[in-house]
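Coordinates as given in data-v3.txt (compact mmCIF, C-alpha atoms):
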# COMPACT_ATOMS: atom_id res chain seq x y z
CA MET R 201 88.57 57.04 109.37
CA ASN R 202 86.91 59.60 111.62
CA SER R 203 83.17 59.63 111.06
CA GLU R 204 82.69 63.09 112.61
CA ALA R 205 82.10 65.83 110.08
CA THR R 206 83.35 69.36 110.52
CA THR R 207 80.82 71.95 109.45
CA ALA R 208 82.16 75.33 108.44
CA LYS R 209 79.92 78.34 108.87
CA THR R 210 78.95 80.20 105.73
CA VAL R 211 79.42 83.95 106.10
CA LEU R 212 77.86 86.63 103.91
CA THR R 213 78.59 90.29 104.57
CA ARG R 214 76.68 92.69 102.36
CA ALA R 215 78.45 95.88 101.29
CA THR R 216 75.43 97.90 102.36
CA THR R 217 75.60 96.65 105.96
CA ALA R 218 79.34 96.14 106.54
CA GLU R 219 80.71 98.12 109.47
CA THR R 220 83.25 100.78 108.49
CA ILE R 221 85.75 102.31 110.89
CA THR R 222 87.93 105.38 110.42
CA ASP R 223 91.16 104.56 112.21
CA GLY R 224 93.29 107.50 111.13
CA PRO R 225 93.45 110.42 108.74
CA GLY R 226 92.80 109.07 105.25
CA SER R 227 92.32 105.48 106.42
CA THR R 228 89.16 103.38 106.67
CA ILE R 229 88.61 99.72 107.47
CA THR R 230 85.55 97.79 106.33
CA LEU R 231 84.88 94.72 108.48
CA LEU R 232 83.91 91.60 106.52
CA THR R 233 84.21 88.46 108.66
CA ASP R 234 85.72 87.53 112.02
CA THR R 235 85.46 83.81 112.75
CA ALA R 236 87.80 81.35 114.45
CA GLU R 237 89.06 80.32 111.01
CA LEU R 238 89.35 83.64 109.23
CA THR R 239 89.33 87.38 109.85
CA CYS R 240 88.93 89.60 106.75
CA ASN R 241 88.53 93.28 106.04
CA THR R 242 89.32 95.83 103.40
CA ALA R 243 91.56 98.82 104.12
CA SER R 244 91.30 102.00 102.07
CA PHE R 245 94.12 104.52 102.17
CA GLU R 246 94.23 108.03 100.76
CA ALA R 247 97.59 109.24 99.44
CA ASP R 248 100.15 109.65 102.25
CA ALA R 249 97.94 108.05 104.96
CA ALA R 250 99.98 106.65 107.85
CA GLY R 251 98.90 103.01 107.45
CA ALA R 252 99.72 100.36 110.05
CA PRO R 253 102.82 100.68 112.25
CA VAL R 254 105.45 97.97 112.57
CA HIS R 255 104.06 94.92 114.34
CA PHE R 256 103.97 91.12 114.28
CA HIS R 257 101.57 88.34 115.20
CA THR R 258 102.54 85.20 117.10
CA LYS R 259 99.62 83.00 116.01
CA ALA R 260 98.29 84.13 112.63
CA THR R 261 99.41 84.57 109.07
CA GLU R 262 98.33 87.95 107.68
CA PHE R 263 97.76 88.30 103.97
CA PHE R 264 97.28 91.23 101.61
CA HIS R 265 95.74 91.44 98.15
CA VAL R 266 96.04 94.89 96.58
CA LEU R 267 92.78 95.70 94.81
CA SER R 268 93.90 99.09 93.48
CA GLY R 269 96.72 101.57 93.90
CA ARG R 270 100.15 100.84 95.36
CA LEU R 271 101.03 99.62 98.85
CA ASP R 272 104.39 99.63 100.62
CA VAL R 273 104.78 96.67 102.96
CA LEU R 274 107.60 96.01 105.39
CA VAL R 275 108.43 92.29 105.55
CA GLY R 276 111.19 91.60 108.07
CA ASP R 277 113.75 94.27 107.22
CA GLU R 278 112.76 94.80 103.57
CA VAL R 279 110.20 97.27 102.19
CA ARG R 280 108.36 95.93 99.15
CA THR R 281 105.98 97.87 96.92
CA LEU R 282 102.88 95.99 95.82
CA ALA R 283 100.71 97.01 92.87
CA ALA R 284 97.09 96.22 92.00
CA GLY R 285 96.65 92.45 91.75
CA ASP R 286 99.69 91.60 93.91
CA PHE R 287 99.31 89.19 96.84
CA LEU R 288 101.57 88.80 99.88
CA SER R 289 101.34 86.58 102.96
CA VAL R 290 103.31 87.23 106.14
CA PRO R 291 103.77 84.27 108.52
CA PRO R 292 103.61 84.51 112.32
CA GLY R 293 106.61 86.14 113.98
CA VAL R 294 107.63 88.28 111.00
CA LYS R 295 107.66 92.05 111.54
CA HIS R 296 105.57 93.95 109.05
CA ALA R 297 103.89 97.29 108.44
CA PHE R 298 102.00 98.80 105.53
CA ALA R 299 100.98 102.13 104.06
CA PRO R 300 100.17 103.50 100.61
CA HIS R 301 103.21 104.11 98.44
CA PRO R 302 104.11 107.84 98.52
CA GLY R 303 101.72 109.86 96.38
CA HIS R 304 99.40 106.89 95.80
CA THR R 305 96.15 105.58 97.22
CA ALA R 306 95.58 101.91 98.00
CA GLU R 307 92.60 99.62 98.43
CA VAL R 308 93.61 96.33 100.04
CA PHE R 309 91.89 93.10 101.03
CA VAL R 310 93.46 91.97 104.33
CA GLY R 311 92.99 88.62 106.01
CA PHE R 312 94.23 86.55 108.93
CA THR R 313 94.25 82.82 109.37
CA PRO R 314 93.39 81.54 111.85
CA GLY R 315 90.87 84.22 112.74
CA MET R 316 91.81 86.41 115.65
CA GLY R 317 88.65 88.00 117.03
CA ARG R 318 90.14 91.17 115.60
CA PHE R 319 87.12 93.37 114.95
CA ASP R 320 87.23 94.70 118.52
CA TYR R 321 90.85 95.75 117.90
CA TYR R 322 89.76 97.78 114.87
CA ARG R 323 86.92 99.28 116.91
CA LEU R 324 89.48 100.24 119.58
CA LEU R 325 91.51 102.07 116.91
CA GLY R 326 88.35 103.91 115.90
CA ARG R 327 87.71 104.88 119.52
CA VAL R 328 91.26 106.25 119.80
CA ARG R 329 90.64 108.32 116.65
CA ALA R 330 87.37 109.62 118.19
CA GLY R 331 89.10 110.51 121.48
CA GLU R 332 87.20 107.80 123.41
CA ALA R 333 90.27 105.63 124.13
CA THR R 334 94.02 106.18 124.38
CA VAL R 335 97.16 104.86 122.76
CA ARG R 336 97.86 103.22 126.15
CA ASP R 337 94.64 101.20 125.66
CA VAL R 338 95.99 99.98 122.32
CA LEU R 339 99.38 99.09 123.82
CA ASP R 340 97.67 97.23 126.67
CA SER R 341 95.64 95.23 124.13
CA GLN R 342 98.68 93.68 122.39
CA PRO R 343 98.37 90.20 123.97
CA VAL R 344 94.56 90.18 123.62
CA TYR R 345 94.58 90.78 119.86
CA ASP R 346 97.99 89.20 119.08
CA ASN R 347 99.17 92.52 117.66
CA HIS R 348 102.67 93.17 119.02
CA TYR R 349 104.33 96.46 118.16
CA ALA R 350 107.98 96.54 117.09
CA GLU R 351 110.52 98.88 115.49
CA SER R 352 112.25 98.87 112.12
CA ASP R 353 114.94 101.17 110.75
CA ALA R 354 113.96 100.14 107.21
CA TRP R 355 110.37 101.29 107.78
CA ALA R 356 111.39 104.46 109.63
CA ASP R 357 113.80 105.44 106.82
CA ARG R 358 111.43 104.89 103.87
CA PRO R 359 110.13 107.92 101.91
CA ARG R 360 106.74 109.02 103.23
CA SER R 361 105.57 111.42 100.56
CA ALA R 362 105.81 111.75 96.79
CA ASP R 363 108.06 114.79 97.30
CA ALA R 364 110.70 112.84 99.26

Step by step, read the file and then write its structure as structure tokens.
Amino acid sequence: MNSEATTAKTVLTRATTAETITDGPGSTITLLTDTAELTCNTASFEADAAGAPVHFHTKATEFFHVLSGRLDVLVGDEVRTLAAGDFLSVPPGVKHAFAPHPGHTAEVFVGFTPGMGRFDYYRLLGRVRAGEATVRDVLDSQPVYDNHYAESDAWADRPRSADA
């Protein structure tokens, strides 16, 4: 038996001090924790916000818990609609994307395990939104943040508004 003990770090993020980033029209991310073990945030989407484009991770499982509203999530080549209370995990290597279901808002708890040092990626998205960085900067960051962009006909063909 190994006598060495592993000590996990306790993390407390207060709502009043959590960093919030606007990464697109109608989309905000609240940063909660970013350790080697776990990265967590909440994502808030207004109706018809763009959400996250198709991508995959090579090292981390990403998971989603819908707190309110409805969320469309691409998993592989299938679009699934999640409702409040639903949970979904996406293993490494699986293409995925997410956005609020047409005509709906969504509030989602998002996590990664292991942690990915991802807060700087979200900050980069905020800088792009503010005109302080470019989409090229985001594309160049793919290997750094293990966020690899991909394409999907299923995601491209889904309805994008309640009128569709």

> Of the candidates R:Asp286, R:Asp248, R:Asp234, R:Asp340, which one gets nearest to His304 in chain R if we count all atoms listed in the file?
Replying inline: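 Smallest separation from His304 in chain R among the options: R:Asp248.
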
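If only C-alpha atoms are the atoms counted, then among R:Arg280, R:His296, R:Arg318, R:Arg214 the closest residue to Phe256 in chain R is R:His296.
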
>> Taking all atoms listed in the file into account, name the residue in R:Thr261, R:Thr281, R:Thr242, R:Ser341 that is nearest to Ala218 in chain R.
In response: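 Going through R:Thr261, R:Thr281, R:Thr242, R:Ser341 one by one, the smallest distance to Ala218 in chain R is for R:Thr242.
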
Give me, as an mmCIF file with C-alpha atoms, in the coordinates of the input, all polymer residues having an atom no more than 12 Å from Arg323 in chain R, counting all atoms listed in the file and skipping those fewer than 3 positions away in the same chain.
data_model
loop_
_atom_site.group_PDB
_atom_site.id
_atom_site.type_symbol
_atom_site.label_atom_id
_atom_site.label_comp_id
_atom_site.auth_asym_id
_atom_site.auth_seq_id
_atom_site.Cartn_x
_atom_site.Cartn_y
_atom_site.Cartn_z
ATOM 1 C CA GLU R 219 80.710 98.120 109.470
ATOM 2 C CA THR R 220 83.250 100.780 108.490
ATOM 3 C CA ILE R 221 85.750 102.310 110.890
ATOM 4 C CA THR R 222 87.930 105.380 110.420
ATOM 5 C CA ASP R 223 91.160 104.560 112.210
ATOM 6 C CA GLY R 224 93.290 107.500 111.130
ATOM 7 C CA THR R 228 89.160 103.380 106.670
ATOM 8 C CA ILE R 229 88.610 99.720 107.470
ATOM 9 C CA THR R 230 85.550 97.790 106.330
ATOM 10 C CA LEU R 231 84.880 94.720 108.480
ATOM 11 C CA GLY R 317 88.650 88.000 117.030
ATOM 12 C CA ARG R 318 90.140 91.170 115.600
ATOM 13 C CA PHE R 319 87.120 93.370 114.950
ATOM 14 C CA ASP R 320 87.230 94.700 118.520
ATOM 15 C CA GLY R 326 88.350 103.910 115.900
ATOM 16 C CA ARG R 327 87.710 104.880 119.520
ATOM 17 C CA VAL R 328 91.260 106.250 119.800
ATOM 18 C CA ARG R 329 90.640 108.320 116.650
ATOM 19 C CA ALA R 330 87.370 109.620 118.190
ATOM 20 C CA GLU R 332 87.200 107.800 123.410
ATOM 21 C CA ALA R 333 90.270 105.630 124.130
ATOM 22 C CA ASP R 337 94.640 101.200 125.660
ATOM 23 C CA VAL R 338 95.990 99.980 122.320
ATOM 24 C CA TYR R 345 94.580 90.780 119.860
#

> Between R:Val211, R:Val308, R:Ala283, R:Leu324, which is the closest to Asn241 in chain R once you count only C-alpha atoms?
Replying inline: R:Val308

> What gap, in Å, lies between CA of Glu262 in chain R and CA of Ala354 in chain R?
Replying inline: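 CA of Ala354 in chain R lies 19.8 Å from CA of Glu262 in chain R.
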
> Nearest to Pro253 in chain R among R:Ala306, R:Val273, R:Ala297, R:Pro291, with distances taken over all atoms listed in the file: which residue is it?
Replying inline: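 Once distances to Pro253 in chain R are computed over all atoms listed in the file, the minimum belongs to R:Ala297.
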
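Coordinates place CA of Val310 in chain R at a distance of 5.7 Å from CA of Cys240 in chain R.
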
> Leu282 in chain R: which residues within 12 Å, counting all atoms listed in the file, same-chain residues fewer than 2 positions away excluded, as a list in words?
Replying inline: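 Surrounding residues, per the criterion: Phe264, His265, Val266, Leu267, Ser268, Gly269, Arg270, Leu271, Asp272, Val273, Leu274, Val275, Val279, Arg280, Ala284, Gly285, Asp286, Phe287, Leu288, Ser289, Phe298, Ala299, Pro300, His301, His304, Thr305, Ala306, Glu307 and Val308 of chain R.
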
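Ranking R:Pro292, R:Gly303, R:Pro359, R:Gly276 by their shortest atom-to-atom distance to Ala249 in chain R, with all atoms listed in the file included, puts R:Gly303 first.
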
>> When you look at Asp346 in chain R with a cut-off of 8 Å (counting all atoms listed in the file), what residues show up, excluding the ones that are within fewer than 5 positions of it in the same chain? I need them as a PyMOL selection string.
In response: chain R and resi 256-259+316
